[in-house]
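What follows is a single structure, written as structure tokens, with notes after it.
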Amino acid sequence: MQQPQSIDEVQQTLGEQGYICGRPLATVVFLSLKLGRPVFLEGEAGVGKTEIAKAIAAALGRRLIRLQCYEGLDAGSAVYEWNFPAQMVAIRTAEASGGADRDSLQQELFGPDYLVERPLLQAMRPDENGAPVLLIDELDRTDEPFEAFLLEALSDFQVTIPELGTIKAPEPPIVILTSNRTREVHDALKRRCLYHWVDYPDFDREVEILRSRAPEVAEDLSRQVVAFVQALRGEDLFKKPGVAETIDWAKCLLALDVIDLSPEVIADTLGAILKYQDDIQKLQGSEAKKILDQAKAALEPA
């Protein structure tokens with residue numbers, strides 16, 4: 001599929017993939033596709049940062065390559081490694097045959113047949129469907145040395161393997177970087193990207209998202225669910241529920257054949273929207289009923 005030619009087309013195309021976004025985010029995506037710039041998305045967990053990369057890949061018919069970041073991730077793990085067990089088998093086979101040439105064996109062992117490609121190297125390879133979407137997820141979990149390496153890799157869209165040389169992408173991948181902001185990412189990396197803060201959606205957009213992702217849920221229940229979750233985000237919680245939790249909770253209620261929210265139903269299903277026991281305890285007793293009453297009152301016509 002061809003890339004969208006306008007911001008409105010971006011919104012429409014992503015909406016067809018079940019991703020409902022506002023015009024500011026659609027503008028960033030459009031500019032990223034138009035200018036070939038990486039996108040850096042920050043925001044709370046569960047607001048849809050990862051999902052937009054999936055939606056872009058599906059909409060454009062491109063391969064999605066995901067690099068899940070974690071503490072201690074280094075350049076080697078992100079780019080490539082050698083298939084050590086297979087190399088050892090090849091060495092023993094050559095020794096057993098007794099006729100192995102040392103130089104040719106070494107050249108073979110550190111050739112493409114024994115190379116295990118990791119996400120960054122995979123993203124540099126040509127693809128008949130066009131440049132892939134490279135999702136570098138939760139960058140804030142890594143450390144500064146990896147950021148510095150990533151800065152270089154994204155500047156030239158190339159990586160170097162000592163045994164094989166430099167591999168450059170024939171067409172730059174579509175790069176989406178995400179961060180939950182558990183720490184600040186260096187300004188030098190941000191400057192290479194188009195930046196957007198992904199916030200919690202307003203009521204109408206979250207209802208639209210829920211309608212798109214869980215169309216089986218009745219309209220009245222969807223509105224109650226969104227109103228309650230949005231009211232819950234105003235509470236002093238250790239981890240506020242994201243849009244992902246809204247969708248999960250609505251699907252749980254659907255599975256239980258719930259047609260109307262009640263304090264009892266909320267108490268039974270809190271584990272779908274809150275993931276910490278301290279937060280769940282705050283909603284015990286009359287607190288959940290008070291928030292539910294406020295949410296339902298807000299839904300009543302003026």
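The way I read the labels, and the way they are meant: chains A, B, ... in the order of the structure tokens, residue 1 as the first residue of every chain, and ligand 1 as the first ligand shown, with later ones counted on from there.
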
*Mind listing the strand (DSSP E) residues of region 95-273 of chain A, per DSSP on the backbone, as a PyMOL selection string?*
chain A and resi 115-117+133-137+158-161+165-168+174-179+194-197

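Excluding Met124 (chain A) and any residue on its chain fewer than 2 positions from it, the residues at most 10 Å away by only C-alpha atoms are Val79, Pro119, Leu120, Leu121, Gln122, Pro126, Asp127, Ala131, Pro132, Leu134, Phe157, Gln158, Val159, Ile167, Lys168, Ala169, Pro170, Glu171, Pro172 and Pro173 of chain A.
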
*Can you check which residues of region 125-294 of chain A DSSP gives as helix (DSSP H, G or I) on the backbone and send them as a PyMOL selection string?*
chain A and resi 139-141+144-156+187-191+203-213+219-232+243-255+263-272+277-282+286-294

*Would you list the contacts of region 13-22 of chain A as a ChimeraX atom specification, taking every protein, DNA or RNA residue within 10 Å and counting only C-alpha atoms, but skipping same-chain residues closer than 3 positions in sequence?*
/A:3-4,7-10,25-27,48,51-52,54-60,198,201,205-206,208-214

*Do you have the CA of Leu283 (chain A)-CA of Gly271 (chain A) distance handy?*
11.2 Å

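Across A:Ala188, A:Val116, A:Ala45, A:Ala90, the tightest approach to Glu152 (chain A) is made by A:Ala188 when counting only C-alpha atoms.
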
Pick out the residues sitting within 12 Å of Val217 (chain A), and hand them over as a PDB file with N, CA and C atoms, in the first residue's frame; count only C-alpha atoms, and ignore anything fewer than 2 positions along from it in its own chain.
ATOM      1  N   VAL A 207     -14.099   6.405  24.149  1.00  0.00           N
ATOM      2  CA  VAL A 207     -15.300   5.638  23.767  1.00  0.00           C
ATOM      3  C   VAL A 207     -15.168   5.135  22.333  1.00  0.00           C
ATOM      4  N   GLU A 208     -14.652   5.986  21.465  1.00  0.00           N
ATOM      5  CA  GLU A 208     -14.460   5.595  20.057  1.00  0.00           C
ATOM      6  C   GLU A 208     -13.427   4.472  19.943  1.00  0.00           C
ATOM      7  N   ILE A 209     -12.361   4.560  20.734  1.00  0.00           N
ATOM      8  CA  ILE A 209     -11.346   3.505  20.735  1.00  0.00           C
ATOM      9  C   ILE A 209     -11.955   2.193  21.199  1.00  0.00           C
ATOM     10  N   LEU A 210     -12.725   2.263  22.277  1.00  0.00           N
ATOM     11  CA  LEU A 210     -13.351   1.050  22.805  1.00  0.00           C
ATOM     12  C   LEU A 210     -14.346   0.473  21.810  1.00  0.00           C
ATOM     13  N   ARG A 211     -15.061   1.346  21.134  1.00  0.00           N
ATOM     14  CA  ARG A 211     -16.013   0.893  20.115  1.00  0.00           C
ATOM     15  C   ARG A 211     -15.285   0.183  18.972  1.00  0.00           C
ATOM     16  N   SER A 212     -14.085   0.665  18.657  1.00  0.00           N
ATOM     17  CA  SER A 212     -13.301   0.065  17.579  1.00  0.00           C
ATOM     18  C   SER A 212     -12.683  -1.260  17.988  1.00  0.00           C
ATOM     19  N   ARG A 213     -12.156  -1.323  19.215  1.00  0.00           N
ATOM     20  CA  ARG A 213     -11.421  -2.509  19.658  1.00  0.00           C
ATOM     21  C   ARG A 213     -12.304  -3.568  20.292  1.00  0.00           C
ATOM     22  N   ALA A 214     -13.473  -3.182  20.789  1.00  0.00           N
ATOM     23  CA  ALA A 214     -14.397  -4.152  21.393  1.00  0.00           C
ATOM     24  C   ALA A 214     -15.818  -3.814  20.960  1.00  0.00           C
ATOM     25  N   PRO A 215     -16.116  -3.981  19.679  1.00  0.00           N
ATOM     26  CA  PRO A 215     -17.421  -3.555  19.153  1.00  0.00           C
ATOM     27  C   PRO A 215     -18.596  -4.337  19.720  1.00  0.00           C
ATOM     28  N   GLU A 219     -23.257  -0.055  23.851  1.00  0.00           N
ATOM     29  CA  GLU A 219     -22.867   1.359  23.902  1.00  0.00           C
ATOM     30  C   GLU A 219     -22.982   1.932  25.311  1.00  0.00           C
ATOM     31  N   ASP A 220     -24.080   1.627  26.009  1.00  0.00           N
ATOM     32  CA  ASP A 220     -24.264   2.164  27.360  1.00  0.00           C
ATOM     33  C   ASP A 220     -23.168   1.671  28.307  1.00  0.00           C
ATOM     34  N   LEU A 221     -22.843   0.400  28.211  1.00  0.00           N
ATOM     35  CA  LEU A 221     -21.810  -0.155  29.070  1.00  0.00           C
ATOM     36  C   LEU A 221     -20.447   0.441  28.715  1.00  0.00           C
ATOM     37  N   SER A 222     -20.181   0.624  27.433  1.00  0.00           N
ATOM     38  CA  SER A 222     -18.915   1.224  27.015  1.00  0.00           C
ATOM     39  C   SER A 222     -18.742   2.604  27.632  1.00  0.00           C
ATOM     40  N   ARG A 223     -19.807   3.398  27.604  1.00  0.00           N
ATOM     41  CA  ARG A 223     -19.725   4.743  28.156  1.00  0.00           C
ATOM     42  C   ARG A 223     -19.529   4.712  29.668  1.00  0.00           C
ATOM     43  N   GLN A 224     -20.172   3.767  30.330  1.00  0.00           N
ATOM     44  CA  GLN A 224     -19.987   3.627  31.775  1.00  0.00           C
ATOM     45  C   GLN A 224     -18.555   3.219  32.108  1.00  0.00           C
ATOM     46  N   VAL A 225     -18.033   2.284  31.344  1.00  0.00           N
ATOM     47  CA  VAL A 225     -16.665   1.805  31.562  1.00  0.00           C
ATOM     48  C   VAL A 225     -15.668   2.946  31.409  1.00  0.00           C
ATOM     49  N   VAL A 226     -15.799   3.703  30.322  1.00  0.00           N
ATOM     50  CA  VAL A 226     -14.866   4.799  30.066  1.00  0.00           C
ATOM     51  C   VAL A 226     -15.007   5.884  31.136  1.00  0.00           C
ATOM     52  N   THR A 246      -8.644  -0.309  29.897  1.00  0.00           N
ATOM     53  CA  THR A 246     -10.056  -0.037  29.580  1.00  0.00           C
ATOM     54  C   THR A 246     -10.615  -1.110  28.648  1.00  0.00           C
ATOM     55  N   ILE A 247      -9.841  -1.423  27.620  1.00  0.00           N
ATOM     56  CA  ILE A 247     -10.280  -2.433  26.646  1.00  0.00           C
ATOM     57  C   ILE A 247     -10.371  -3.807  27.297  1.00  0.00           C
ATOM     58  N   ASP A 248      -9.344  -4.176  28.074  1.00  0.00           N
ATOM     59  CA  ASP A 248      -9.346  -5.476  28.737  1.00  0.00           C
ATOM     60  C   ASP A 248     -10.543  -5.615  29.671  1.00  0.00           C
ATOM     61  N   TRP A 249     -10.820  -4.558  30.424  1.00  0.00           N
ATOM     62  CA  TRP A 249     -11.920  -4.611  31.385  1.00  0.00           C
ATOM     63  C   TRP A 249     -13.259  -4.761  30.662  1.00  0.00           C
ATOM     64  N   ALA A 250     -13.441  -4.008  29.597  1.00  0.00           N
ATOM     65  CA  ALA A 250     -14.691  -4.111  28.844  1.00  0.00           C
ATOM     66  C   ALA A 250     -14.891  -5.528  28.300  1.00  0.00           C
ATOM     67  N   LYS A 251     -13.807  -6.145  27.833  1.00  0.00           N
ATOM     68  CA  LYS A 251     -13.915  -7.519  27.314  1.00  0.00           C
ATOM     69  C   LYS A 251     -14.225  -8.509  28.442  1.00  0.00           C
ATOM     70  N   CYS A 252     -13.675  -8.267  29.628  1.00  0.00           N
ATOM     71  CA  CYS A 252     -13.996  -9.121  30.782  1.00  0.00           C
ATOM     72  C   CYS A 252     -15.472  -8.999  31.152  1.00  0.00           C
ATOM     73  N   LEU A 253     -15.977  -7.772  31.153  1.00  0.00           N
ATOM     74  CA  LEU A 253     -17.389  -7.555  31.472  1.00  0.00           C
ATOM     75  C   LEU A 253     -18.287  -8.215  30.438  1.00  0.00           C
ATOM     76  N   LEU A 254     -17.867  -8.164  29.180  1.00  0.00           N
ATOM     77  CA  LEU A 254     -18.627  -8.812  28.115  1.00  0.00           C
ATOM     78  C   LEU A 254     -18.666 -10.320  28.338  1.00  0.00           C
ATOM     79  N   ALA A 255     -17.516 -10.888  28.730  1.00  0.00           N
ATOM     80  CA  ALA A 255     -17.457 -12.334  28.979  1.00  0.00           C
ATOM     81  C   ALA A 255     -18.337 -12.746  30.151  1.00  0.00           C
ATOM     82  N   LEU A 256     -18.586 -11.812  31.073  1.00  0.00           N
ATOM     83  CA  LEU A 256     -19.430 -12.094  32.244  1.00  0.00           C
ATOM     84  C   LEU A 256     -20.893 -11.719  32.007  1.00  0.00           C
ATOM     85  N   ASP A 257     -21.202 -11.313  30.763  1.00  0.00           N
ATOM     86  CA  ASP A 257     -22.569 -10.912  30.403  1.00  0.00           C
ATOM     87  C   ASP A 257     -23.080  -9.739  31.231  1.00  0.00           C
ATOM     88  N   VAL A 258     -22.192  -8.842  31.605  1.00  0.00           N
ATOM     89  CA  VAL A 258     -22.582  -7.656  32.371  1.00  0.00           C
ATOM     90  C   VAL A 258     -23.186  -6.634  31.407  1.00  0.00           C
ATOM     91  N   ILE A 259     -24.302  -6.029  31.815  1.00  0.00           N
ATOM     92  CA  ILE A 259     -24.928  -5.003  30.973  1.00  0.00           C
ATOM     93  C   ILE A 259     -24.948  -3.649  31.675  1.00  0.00           C
ATOM     94  N   ASP A 260     -24.614  -3.639  32.968  1.00  0.00           N
ATOM     95  CA  ASP A 260     -24.630  -2.386  33.716  1.00  0.00           C
ATOM     96  C   ASP A 260     -23.622  -2.495  34.859  1.00  0.00           C
TER      97      ASP A 260
END

Which residues of region 147-250 of chain A sit at most 6 Å from region 272-280 of chain A, using only C-alpha atoms? Give each one's shortest atom pair and distance in Å (one decimal place), in chain and ascending residue order, as CSV.
residue,atom,partner,partner_atom,distance
A:Leu237,CA,A:Asp279,CA,5.7
A:Pro241,CA,A:Ile273,CA,5.7
A:Glu245,CA,A:Ile273,CA,5.0
A:Trp249,CA,A:Ala272,CA,5.2

_Here is a test: counting only C-alpha atoms, which residue of A:Arg118, A:Ile91, A:Gly285, A:Glu235 is nearest to Leu105 (chain A)?_
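For Leu105 (chain A), the nearest of the given residues is A:Ile91.
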